[in-house]
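Chemist: I have a structure I would like to understand better, so I am pasting it below and will then ask my questions one at a time.
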Number of protein chains: 2
Amino acid sequence: MREEIVDGELHEADGRELDDATVAELHERLEKYMEKNGLRSTSQRRLVSEAFFRSTGHLSIEDLLATVREEDSKIGYATVYRTLKLLKDCGLAYERHFGDGVSRYEVALEDEHHDHLICMSCGKIVEFENDEIEQLQDDLAAKHGFVLKRHVHELYGLCGDCRTD
Amino acid sequence: MREEIVDGELHEADGRELDDATVAELHERLEKYMEKNGLRSTSQRRLVSEAFFRSTGHLSIEDLLATVREEDSKIGYATVYRTLKLLKDCGLAYERHFGDGVSRYEVALEDEHHDHLICMSCGKIVEFENDEIEQLQDDLAAKHGFVLKRHVHELYGLCGDCRTD
DNA sequence: CTCGATGCAAATGCTTTGCAGAAAA
DNA sequence: TTTTCTGCAAAGCATTTGCATCGAG
């Protein structure tokens, strides 16, 4: 089970690093999307998307900016925002909001669901996937005539370390 | 089934108006909370909370401000924000974020769950409650050592009217 | 060359805060 | 009278945008 600490500044994850082949495939998808839409492949876009694809957790724009600036110190906020918007648009990134006013992003792999169990005290995030719940969601949506495209499912509580009972 | 349209400016709901007794009880809870915490019962707070308790949907600060200004045109944004914060703090309001950058609030009734099925095209919101899902959530949380306090469960898709298939 | 992308700074939109006057207790 | 609250305007943040310049195609 992957876990991750998110407490203000610190973000650690225990690794879901994608292998080179997968990262290459993601870059390809991005390139294809840009080409099809008359967008240009720039060093900044490649750098930001590389940092993003290689990342392991729920990154904020700041996290990402800090990472890419190690490589190219002149990259600005706007570029990172614009690149992440591009990645969202071509379906390679999910945008998440966990209460604080900050957008966090994570790589969108087709075959993965990322629902979250979040500790309200220490900020630990446990990702989960539950087929039964997914099925119930679909049923419920169908009952109301909806076709589901995506969902947000976040459980907030206290983790084992933070419970006092 | 309650439904509601949320599309930028327009917000309509088909009625979950609380009866006077319930509204009175909510006011009482608020008064008690304020007294216990050395806070004061002002005409503005009574007005904002009344408008809020009588509301039927997912109101933004603007919605609420517009409503209370019909009664008292001098009420300012800050007061509404501060009052809603107070209502959240004493457990009478839930704060929600549906993608757009706006906070929406709804009355927190103890015995109700408000999960949401949201049409990505027309913005229709259907509220739902599903005990099986609730149970699975609890089980899942317990398996990870968590005690759940609250959750966010939003299903996004296309409603019957907006589907093209 | 052309047109999209970048970086900067200014602008925006929502929310919070500081402060002097107003009003509960 | 004392302390909190209000309304206003200013400040804060995260995010977006305008524009001159840069660079991919």
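Residues in the structure tokens are numbered from 1 in each chain, the chains being A, B, ... in the order shown, and ligands are numbered from 1 in the order shown.
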Using only C-alpha atoms (C1' of nucleotides), I'd like a table of the residues in chain A that come within 9 Å of chain C; for each, show the closest atom pair and its distance in Å rounded to one decimal, ordered by chain and ascending number, as CSV.
Modeler:
residue,atom,partner,partner_atom,distance
A:Gly38,CA,C:DG4,C1',8.3
A:Leu39,CA,C:DG4,C1',6.9
A:Arg40,CA,C:DG4,C1',6.9
A:Thr42,CA,C:DA5,C1',7.7
A:Gln44,CA,C:DT6,C1',8.6
A:Lys74,CA,C:DG7,C1',7.9
A:Ile75,CA,C:DG7,C1',7.3
A:Gly76,CA,C:DG7,C1',6.0
A:Tyr77,CA,C:DG7,C1',8.6
A:Ala78,CA,C:DG7,C1',7.8
A:Thr79,CA,C:DT6,C1',6.9
Chemist: Could the residues in this selection be written to a file with N, CA and C atoms, as a PDB file, in the first residue's frame?
Modeler:
ATOM      1  N   GLY A  38      -1.662  21.528 -32.890  1.00  0.00           N
ATOM      2  CA  GLY A  38      -0.845  22.665 -33.303  1.00  0.00           C
ATOM      3  C   GLY A  38      -0.091  23.314 -32.156  1.00  0.00           C
ATOM      4  N   LEU A  39       0.169  22.528 -31.106  1.00  0.00           N
ATOM      5  CA  LEU A  39       0.931  23.066 -29.977  1.00  0.00           C
ATOM      6  C   LEU A  39       2.392  22.664 -30.127  1.00  0.00           C
ATOM      7  N   ARG A  40       3.275  23.406 -29.470  1.00  0.00           N
ATOM      8  CA  ARG A  40       4.692  23.164 -29.702  1.00  0.00           C
ATOM      9  C   ARG A  40       5.389  22.461 -28.556  1.00  0.00           C
ATOM     10  N   THR A  42       8.229  22.281 -26.351  1.00  0.00           N
ATOM     11  CA  THR A  42       9.319  23.159 -25.903  1.00  0.00           C
ATOM     12  C   THR A  42      10.112  22.489 -24.795  1.00  0.00           C
ATOM     13  N   GLN A  44      10.715  23.655 -21.932  1.00  0.00           N
ATOM     14  CA  GLN A  44      10.029  23.807 -20.655  1.00  0.00           C
ATOM     15  C   GLN A  44       8.938  22.759 -20.483  1.00  0.00           C
ATOM     16  N   LYS A  74      15.131  29.484 -14.634  1.00  0.00           N
ATOM     17  CA  LYS A  74      14.380  30.628 -15.138  1.00  0.00           C
ATOM     18  C   LYS A  74      12.905  30.320 -15.409  1.00  0.00           C
ATOM     19  N   ILE A  75      12.505  29.081 -15.180  1.00  0.00           N
ATOM     20  CA  ILE A  75      11.102  28.731 -15.427  1.00  0.00           C
ATOM     21  C   ILE A  75      10.184  29.455 -14.440  1.00  0.00           C
ATOM     22  N   GLY A  76       9.092  29.976 -14.951  1.00  0.00           N
ATOM     23  CA  GLY A  76       8.167  30.750 -14.117  1.00  0.00           C
ATOM     24  C   GLY A  76       6.912  29.986 -13.735  1.00  0.00           C
ATOM     25  N   TYR A  77       6.219  30.531 -12.733  1.00  0.00           N
ATOM     26  CA  TYR A  77       4.957  29.950 -12.305  1.00  0.00           C
ATOM     27  C   TYR A  77       4.024  29.708 -13.478  1.00  0.00           C
ATOM     28  N   ALA A  78       3.845  30.730 -14.267  1.00  0.00           N
ATOM     29  CA  ALA A  78       2.850  30.675 -15.334  1.00  0.00           C
ATOM     30  C   ALA A  78       3.067  29.473 -16.247  1.00  0.00           C
ATOM     31  N   THR A  79       4.306  29.191 -16.546  1.00  0.00           N
ATOM     32  CA  THR A  79       4.601  28.064 -17.430  1.00  0.00           C
ATOM     33  C   THR A  79       4.174  26.749 -16.799  1.00  0.00           C
TER      34      THR A  79
END
Chemist: Write out as a count of residues only every residue belonging to chain B that has an atom at most 9 Å from any atom of chain A, counting only C-alpha atoms.
Modeler: 35
Chemist: How would chain A read as a compact mmCIF listing (two decimals) with C-alpha atoms, in the first residue's frame after a least-squares superposition onto chain B over every Cα atom, matched in order?
Modeler:
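Output below, filename selection39.txt:
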# COMPACT_ATOMS: atom_id res chain seq x y z
CA MET A 1 -35.42 12.96 -4.90
CA ARG A 2 -34.20 16.49 -4.52
CA GLU A 3 -32.56 18.06 -7.53
CA GLU A 4 -31.03 21.37 -8.16
CA ILE A 5 -29.62 23.39 -10.98
CA VAL A 6 -26.28 25.06 -10.46
CA ASP A 7 -25.01 26.81 -13.53
CA GLY A 8 -22.97 29.84 -12.78
CA GLU A 9 -25.48 32.28 -11.45
CA LEU A 10 -28.65 30.30 -11.21
CA HIS A 11 -29.36 28.06 -8.28
CA GLU A 12 -32.70 26.41 -7.86
CA ALA A 13 -33.70 23.57 -5.65
CA ASP A 14 -36.96 21.75 -5.45
CA GLY A 15 -37.40 22.17 -1.79
CA ARG A 16 -36.13 20.76 1.38
CA GLU A 17 -37.33 23.76 3.30
CA LEU A 18 -37.02 23.07 6.97
CA ASP A 19 -40.09 23.55 9.09
CA ASP A 20 -40.16 26.35 11.63
CA ALA A 21 -39.52 24.03 14.53
CA THR A 22 -36.32 22.70 12.99
CA VAL A 23 -35.11 26.17 12.10
CA ALA A 24 -35.82 27.29 15.65
CA GLU A 25 -33.82 24.38 16.96
CA LEU A 26 -30.88 25.27 14.75
CA HIS A 27 -30.99 28.85 15.99
CA GLU A 28 -31.02 27.54 19.52
CA ARG A 29 -28.00 25.41 18.92
CA LEU A 30 -26.21 28.41 17.49
CA GLU A 31 -27.19 30.62 20.41
CA LYS A 32 -26.03 28.01 22.87
CA TYR A 33 -22.70 27.67 21.08
CA MET A 34 -22.15 31.41 21.02
CA GLU A 35 -23.03 31.80 24.67
CA LYS A 36 -20.70 29.00 25.69
CA ASN A 37 -17.86 30.63 23.76
CA GLY A 38 -18.38 34.22 24.79
CA LEU A 39 -19.61 35.18 21.33
CA ARG A 40 -22.40 37.67 20.80
CA SER A 41 -25.78 37.28 19.23
CA THR A 42 -26.07 40.12 16.76
CA SER A 43 -28.77 41.08 14.31
CA GLN A 44 -26.42 40.28 11.43
CA ARG A 45 -25.65 36.81 12.71
CA ARG A 46 -29.30 36.09 13.26
CA LEU A 47 -30.14 37.38 9.80
CA VAL A 48 -27.41 35.43 8.01
CA SER A 49 -28.10 32.22 9.89
CA GLU A 50 -31.83 32.56 9.32
CA ALA A 51 -31.30 33.00 5.58
CA PHE A 52 -28.94 30.05 5.63
CA PHE A 53 -31.23 27.74 7.61
CA ARG A 54 -34.14 28.62 5.34
CA SER A 55 -32.14 27.99 2.21
CA THR A 56 -32.56 24.87 0.18
CA GLY A 57 -29.41 24.26 -1.72
CA HIS A 58 -25.71 24.77 -2.03
CA LEU A 59 -25.27 28.45 -1.44
CA SER A 60 -22.26 30.56 -2.17
CA ILE A 61 -21.31 33.55 -0.08
CA GLU A 62 -22.65 35.75 -2.84
CA ASP A 63 -26.02 34.00 -2.88
CA LEU A 64 -26.29 34.44 0.83
CA LEU A 65 -25.12 38.03 0.77
CA ALA A 66 -27.72 38.88 -1.86
CA THR A 67 -30.42 37.29 0.26
CA VAL A 68 -29.54 39.03 3.50
CA ARG A 69 -29.07 42.37 1.77
CA GLU A 70 -32.76 42.34 0.84
CA GLU A 71 -33.34 42.68 4.55
CA ASP A 72 -30.35 44.77 5.56
CA SER A 73 -28.52 46.38 2.67
CA LYS A 74 -25.49 47.35 4.73
CA ILE A 75 -24.25 43.84 5.49
CA GLY A 76 -20.77 43.23 4.10
CA TYR A 77 -18.96 40.26 2.63
CA ALA A 78 -16.76 39.88 5.65
CA THR A 79 -19.69 39.40 7.99
CA VAL A 80 -21.17 36.67 5.84
CA TYR A 81 -17.80 34.93 5.60
CA ARG A 82 -17.30 35.24 9.32
CA THR A 83 -20.79 33.99 10.10
CA LEU A 84 -20.44 31.00 7.82
CA LYS A 85 -17.15 30.19 9.46
CA LEU A 86 -18.95 30.33 12.79
CA LEU A 87 -21.67 28.01 11.50
CA LYS A 88 -19.04 25.58 10.27
CA ASP A 89 -17.25 25.72 13.60
CA CYS A 90 -20.37 24.85 15.55
CA GLY A 91 -21.22 22.06 13.14
CA LEU A 92 -24.28 23.65 11.55
CA ALA A 93 -22.85 24.09 8.06
CA TYR A 94 -20.92 22.01 5.59
CA GLU A 95 -18.57 23.69 3.17
CA ARG A 96 -18.32 22.21 -0.31
CA HIS A 97 -16.19 22.80 -3.36
CA PHE A 98 -17.43 21.71 -6.75
CA GLY A 99 -14.59 22.49 -9.09
CA ASP A 100 -15.27 26.17 -9.66
CA GLY A 101 -13.26 28.21 -7.19
CA VAL A 102 -16.28 29.02 -5.03
CA SER A 103 -17.16 27.69 -1.60
CA ARG A 104 -20.74 26.58 -1.22
CA TYR A 105 -22.49 25.88 2.04
CA GLU A 106 -25.34 23.70 3.09
CA VAL A 107 -27.15 23.07 6.35
CA ALA A 108 -25.66 20.23 8.35
CA LEU A 109 -28.47 18.07 9.63
CA GLU A 110 -27.15 15.30 11.84
CA ASP A 111 -29.07 12.50 10.26
CA GLU A 112 -28.41 13.37 6.64
CA HIS A 113 -25.64 12.57 4.24
CA HIS A 114 -25.20 14.65 1.17
CA ASP A 115 -23.22 12.96 -1.48
CA HIS A 116 -23.54 14.34 -4.97
CA LEU A 117 -24.07 13.23 -8.52
CA ILE A 118 -23.15 16.15 -10.74
CA CYS A 119 -23.78 16.63 -14.45
CA MET A 120 -20.65 18.01 -16.08
CA SER A 121 -22.69 19.50 -18.90
CA CYS A 122 -25.75 21.21 -17.41
CA GLY A 123 -24.61 21.34 -13.79
CA LYS A 124 -27.58 19.45 -12.40
CA ILE A 125 -26.90 18.13 -8.90
CA VAL A 126 -28.64 15.06 -7.54
CA GLU A 127 -28.05 14.28 -3.90
CA PHE A 128 -27.81 10.70 -2.83
CA GLU A 129 -27.24 8.53 0.14
CA ASN A 130 -26.22 4.91 -0.05
CA ASP A 131 -25.88 2.84 3.07
CA GLU A 132 -23.93 0.10 1.38
CA ILE A 133 -21.28 2.55 0.27
CA GLU A 134 -21.20 4.11 3.73
CA GLN A 135 -20.66 0.69 5.22
CA LEU A 136 -17.87 -0.14 2.79
CA GLN A 137 -16.22 3.17 3.58
CA ASP A 138 -16.25 2.44 7.28
CA ASP A 139 -14.86 -1.03 6.73
CA LEU A 140 -12.15 0.27 4.49
CA ALA A 141 -11.18 3.00 6.94
CA ALA A 142 -11.12 0.53 9.82
CA LYS A 143 -8.86 -1.76 7.82
CA HIS A 144 -6.34 1.08 7.69
CA GLY A 145 -6.75 1.95 11.35
CA PHE A 146 -8.75 5.09 10.66
CA VAL A 147 -11.82 6.40 12.41
CA LEU A 148 -13.88 8.37 9.92
CA LYS A 149 -15.17 11.82 10.68
CA ARG A 150 -16.51 12.92 7.34
CA HIS A 151 -16.22 12.24 3.67
CA VAL A 152 -16.55 13.77 0.26
CA HIS A 153 -18.11 11.64 -2.43
CA GLU A 154 -18.88 13.29 -5.74
CA LEU A 155 -19.75 11.52 -8.95
CA TYR A 156 -19.28 13.52 -12.13
CA GLY A 157 -20.81 12.52 -15.43
CA LEU A 158 -23.53 13.29 -17.91
CA CYS A 159 -27.19 13.22 -16.97
CA GLY A 160 -29.93 11.69 -19.07
CA ASP A 161 -30.72 15.00 -20.76
CA CYS A 162 -27.11 15.70 -21.70
CA ARG A 163 -26.02 12.31 -22.92
CA THR A 164 -25.65 12.01 -26.65
CA ASP A 165 -25.43 8.25 -26.89
Chemist: Up to 10 Å from chain A, what residues of chain D turn up? Count only C-alpha atoms (C1' of nucleotides) and give them as an mmCIF file with all heavy atoms, in the first residue's frame.
Modeler:
data_model
loop_
_atom_site.group_PDB
_atom_site.id
_atom_site.type_symbol
_atom_site.label_atom_id
_atom_site.label_comp_id
_atom_site.auth_asym_id
_atom_site.auth_seq_id
_atom_site.Cartn_x
_atom_site.Cartn_y
_atom_site.Cartn_z
ATOM 1 P P DC D 13 -0.097 35.491 2.826
ATOM 2 O OP1 DC D 13 -0.025 34.858 4.156
ATOM 3 O OP2 DC D 13 1.034 36.236 2.242
ATOM 4 O "O5'" DC D 13 -0.485 34.377 1.775
ATOM 5 C "C5'" DC D 13 -1.302 34.748 0.688
ATOM 6 C "C4'" DC D 13 -2.028 33.531 0.205
ATOM 7 O "O4'" DC D 13 -3.221 33.978 -0.425
ATOM 8 C "C3'" DC D 13 -1.208 32.807 -0.860
ATOM 9 O "O3'" DC D 13 -1.462 31.417 -0.821
ATOM 10 C "C2'" DC D 13 -1.684 33.416 -2.144
ATOM 11 C "C1'" DC D 13 -3.122 33.834 -1.839
ATOM 12 N N1 DC D 13 -3.434 35.148 -2.452
ATOM 13 C C2 DC D 13 -4.630 35.305 -3.154
ATOM 14 O O2 DC D 13 -5.407 34.346 -3.203
ATOM 15 N N3 DC D 13 -4.887 36.483 -3.743
ATOM 16 C C4 DC D 13 -4.013 37.493 -3.650
ATOM 17 N N4 DC D 13 -4.319 38.637 -4.256
ATOM 18 C C5 DC D 13 -2.792 37.347 -2.929
ATOM 19 C C6 DC D 13 -2.544 36.165 -2.335
ATOM 20 P P DA D 14 -0.656 30.410 -1.643
ATOM 21 O OP1 DA D 14 -0.560 29.174 -0.855
ATOM 22 O OP2 DA D 14 0.555 31.073 -2.157
ATOM 23 O "O5'" DA D 14 -1.642 30.152 -2.874
ATOM 24 C "C5'" DA D 14 -2.831 29.411 -2.632
ATOM 25 C "C4'" DA D 14 -3.649 29.395 -3.900
ATOM 26 O "O4'" DA D 14 -3.929 30.744 -4.303
ATOM 27 C "C3'" DA D 14 -2.954 28.729 -5.091
ATOM 28 O "O3'" DA D 14 -3.916 27.919 -5.745
ATOM 29 C "C2'" DA D 14 -2.490 29.893 -5.950
ATOM 30 C "C1'" DA D 14 -3.550 30.949 -5.648
ATOM 31 N N9 DA D 14 -3.076 32.331 -5.747
ATOM 32 C C8 DA D 14 -1.923 32.848 -5.238
ATOM 33 N N7 DA D 14 -1.774 34.132 -5.468
ATOM 34 C C5 DA D 14 -2.910 34.477 -6.176
ATOM 35 C C6 DA D 14 -3.359 35.695 -6.724
ATOM 36 N N6 DA D 14 -2.677 36.838 -6.626
ATOM 37 N N1 DA D 14 -4.545 35.690 -7.365
ATOM 38 C C2 DA D 14 -5.224 34.549 -7.455
ATOM 39 N N3 DA D 14 -4.915 33.339 -6.993
ATOM 40 C C4 DA D 14 -3.725 33.382 -6.352
ATOM 41 P P DT D 15 -3.482 27.128 -7.034
ATOM 42 O OP1 DT D 15 -4.382 25.967 -7.106
ATOM 43 O OP2 DT D 15 -2.021 26.953 -7.075
ATOM 44 O "O5'" DT D 15 -3.908 28.131 -8.198
ATOM 45 C "C5'" DT D 15 -5.267 28.520 -8.295
ATOM 46 C "C4'" DT D 15 -5.444 29.527 -9.398
ATOM 47 O "O4'" DT D 15 -4.746 30.743 -9.077
ATOM 48 C "C3'" DT D 15 -4.914 29.103 -10.773
ATOM 49 O "O3'" DT D 15 -6.020 29.106 -11.670
ATOM 50 C "C2'" DT D 15 -3.876 30.144 -11.123
ATOM 51 C "C1'" DT D 15 -4.295 31.328 -10.272
ATOM 52 N N1 DT D 15 -3.249 32.307 -9.909
ATOM 53 C C2 DT D 15 -3.447 33.630 -10.257
ATOM 54 O O2 DT D 15 -4.438 34.026 -10.854
ATOM 55 N N3 DT D 15 -2.440 34.474 -9.887
ATOM 56 C C4 DT D 15 -1.276 34.150 -9.213
ATOM 57 O O4 DT D 15 -0.451 35.016 -8.938
ATOM 58 C C5 DT D 15 -1.135 32.744 -8.876
ATOM 59 C C7 DT D 15 0.092 32.280 -8.156
ATOM 60 C C6 DT D 15 -2.115 31.899 -9.233
ATOM 61 P P DT D 16 -5.845 28.813 -13.213
ATOM 62 O OP1 DT D 16 -7.078 28.161 -13.674
ATOM 63 O OP2 DT D 16 -4.523 28.202 -13.423
ATOM 64 O "O5'" DT D 16 -5.823 30.287 -13.833
ATOM 65 C "C5'" DT D 16 -6.851 31.179 -13.466
ATOM 66 C "C4'" DT D 16 -6.708 32.465 -14.242
ATOM 67 O "O4'" DT D 16 -5.609 33.247 -13.726
ATOM 68 C "C3'" DT D 16 -6.446 32.297 -15.742
ATOM 69 O "O3'" DT D 16 -7.360 33.167 -16.392
ATOM 70 C "C2'" DT D 16 -4.984 32.703 -15.903
ATOM 71 C "C1'" DT D 16 -4.802 33.705 -14.787
ATOM 72 N N1 DT D 16 -3.450 33.840 -14.207
ATOM 73 C C2 DT D 16 -2.916 35.104 -14.058
ATOM 74 O O2 DT D 16 -3.478 36.116 -14.430
ATOM 75 N N3 DT D 16 -1.686 35.143 -13.445
ATOM 76 C C4 DT D 16 -0.950 34.067 -12.982
ATOM 77 O O4 DT D 16 0.131 34.231 -12.431
ATOM 78 C C5 DT D 16 -1.562 32.773 -13.180
ATOM 79 C C7 DT D 16 -0.835 31.543 -12.726
ATOM 80 C C6 DT D 16 -2.763 32.710 -13.768
ATOM 81 P P DT D 17 -7.407 33.299 -17.989
ATOM 82 O OP1 DT D 17 -8.811 33.514 -18.351
ATOM 83 O OP2 DT D 17 -6.625 32.194 -18.578
ATOM 84 O "O5'" DT D 17 -6.617 34.663 -18.252
ATOM 85 C "C5'" DT D 17 -6.829 35.769 -17.401
ATOM 86 C "C4'" DT D 17 -6.036 36.957 -17.913
ATOM 87 O "O4'" DT D 17 -4.739 36.996 -17.283
ATOM 88 C "C3'" DT D 17 -5.785 36.974 -19.418
ATOM 89 O "O3'" DT D 17 -5.877 38.324 -19.849
ATOM 90 C "C2'" DT D 17 -4.356 36.448 -19.536
ATOM 91 C "C1'" DT D 17 -3.727 37.017 -18.266
ATOM 92 N N1 DT D 17 -2.588 36.267 -17.708
ATOM 93 C C2 DT D 17 -1.578 36.985 -17.121
ATOM 94 O O2 DT D 17 -1.549 38.195 -17.074
ATOM 95 N N3 DT D 17 -0.575 36.219 -16.579
ATOM 96 C C4 DT D 17 -0.489 34.847 -16.566
ATOM 97 O O4 DT D 17 0.465 34.288 -16.027
ATOM 98 C C5 DT D 17 -1.584 34.152 -17.204
ATOM 99 C C7 DT D 17 -1.577 32.658 -17.247
ATOM 100 C C6 DT D 17 -2.569 34.886 -17.733
ATOM 101 P P DG D 23 15.352 32.013 -26.958
ATOM 102 O OP1 DG D 23 16.029 31.309 -25.843
ATOM 103 O OP2 DG D 23 16.132 32.792 -27.960
ATOM 104 O "O5'" DG D 23 14.451 30.966 -27.738
ATOM 105 C "C5'" DG D 23 13.416 30.276 -27.064
ATOM 106 C "C4'" DG D 23 12.619 29.472 -28.069
ATOM 107 O "O4'" DG D 23 11.775 30.351 -28.856
ATOM 108 C "C3'" DG D 23 13.472 28.717 -29.085
ATOM 109 O "O3'" DG D 23 12.763 27.536 -29.411
ATOM 110 C "C2'" DG D 23 13.480 29.640 -30.283
ATOM 111 C "C1'" DG D 23 12.035 30.114 -30.232
ATOM 112 N N9 DG D 23 11.712 31.331 -30.933
ATOM 113 C C8 DG D 23 12.503 32.442 -31.123
ATOM 114 N N7 DG D 23 11.893 33.379 -31.795
ATOM 115 C C5 DG D 23 10.630 32.864 -32.041
ATOM 116 C C6 DG D 23 9.523 33.416 -32.722
ATOM 117 O O6 DG D 23 9.430 34.530 -33.247
ATOM 118 N N1 DG D 23 8.432 32.553 -32.748
ATOM 119 C C2 DG D 23 8.410 31.293 -32.191
ATOM 120 N N2 DG D 23 7.300 30.592 -32.307
ATOM 121 N N3 DG D 23 9.453 30.754 -31.539
ATOM 122 C C4 DG D 23 10.507 31.596 -31.515
ATOM 123 P P DA D 24 13.529 26.153 -29.528
ATOM 124 O OP1 DA D 24 13.845 25.650 -28.190
ATOM 125 O OP2 DA D 24 14.590 26.322 -30.551
ATOM 126 O "O5'" DA D 24 12.370 25.231 -30.143
ATOM 127 C "C5'" DA D 24 11.130 25.144 -29.439
ATOM 128 C "C4'" DA D 24 9.993 24.900 -30.420
ATOM 129 O "O4'" DA D 24 9.722 26.106 -31.169
ATOM 130 C "C3'" DA D 24 10.279 23.825 -31.460
ATOM 131 O "O3'" DA D 24 9.056 23.115 -31.658
ATOM 132 C "C2'" DA D 24 10.702 24.597 -32.684
ATOM 133 C "C1'" DA D 24 9.878 25.874 -32.553
ATOM 134 N N9 DA D 24 10.504 27.092 -33.075
ATOM 135 C C8 DA D 24 11.781 27.536 -32.829
ATOM 136 N N7 DA D 24 12.037 28.711 -33.388
ATOM 137 C C5 DA D 24 10.860 29.052 -34.027
ATOM 138 C C6 DA D 24 10.478 30.168 -34.790
ATOM 139 N N6 DA D 24 11.286 31.208 -35.031
ATOM 140 N N1 DA D 24 9.232 30.188 -35.298
ATOM 141 C C2 DA D 24 8.415 29.156 -35.044
ATOM 142 N N3 DA D 24 8.650 28.046 -34.335
ATOM 143 C C4 DA D 24 9.900 28.063 -33.851
ATOM 144 P P DG D 25 9.021 21.865 -32.603
ATOM 145 O OP1 DG D 25 8.001 20.944 -32.067
ATOM 146 O OP2 DG D 25 10.410 21.398 -32.796
ATOM 147 O "O5'" DG D 25 8.498 22.458 -33.981
ATOM 148 C "C5'" DG D 25 7.167 22.960 -34.068
ATOM 149 C "C4'" DG D 25 6.903 23.413 -35.485
ATOM 150 O "O4'" DG D 25 7.642 24.634 -35.743
ATOM 151 C "C3'" DG D 25 7.362 22.414 -36.547
ATOM 152 O "O3'" DG D 25 6.434 22.404 -37.611
ATOM 153 C "C2'" DG D 25 8.696 22.982 -37.032
ATOM 154 C "C1'" DG D 25 8.419 24.480 -36.919
ATOM 155 N N9 DG D 25 9.600 25.321 -36.786
ATOM 156 C C8 DG D 25 10.783 25.010 -36.143
ATOM 157 N N7 DG D 25 11.659 25.979 -36.177
ATOM 158 C C5 DG D 25 11.019 26.996 -36.894
ATOM 159 C C6 DG D 25 11.479 28.279 -37.249
ATOM 160 O O6 DG D 25 12.558 28.809 -36.999
ATOM 161 N N1 DG D 25 10.499 28.980 -37.960
ATOM 162 C C2 DG D 25 9.263 28.501 -38.287
ATOM 163 N N2 DG D 25 8.477 29.319 -38.968
ATOM 164 N N3 DG D 25 8.835 27.294 -37.954
ATOM 165 C C4 DG D 25 9.751 26.603 -37.255
#
Chemist: Run DSSP on the backbone and give me the residues of segment 7-163 of chain A it puts in strand (DSSP E or B), as a PyMOL selection string.
Modeler: chain A and resi 7+10-13+59-60+93-97+103-107+115-119+124-128+147-158
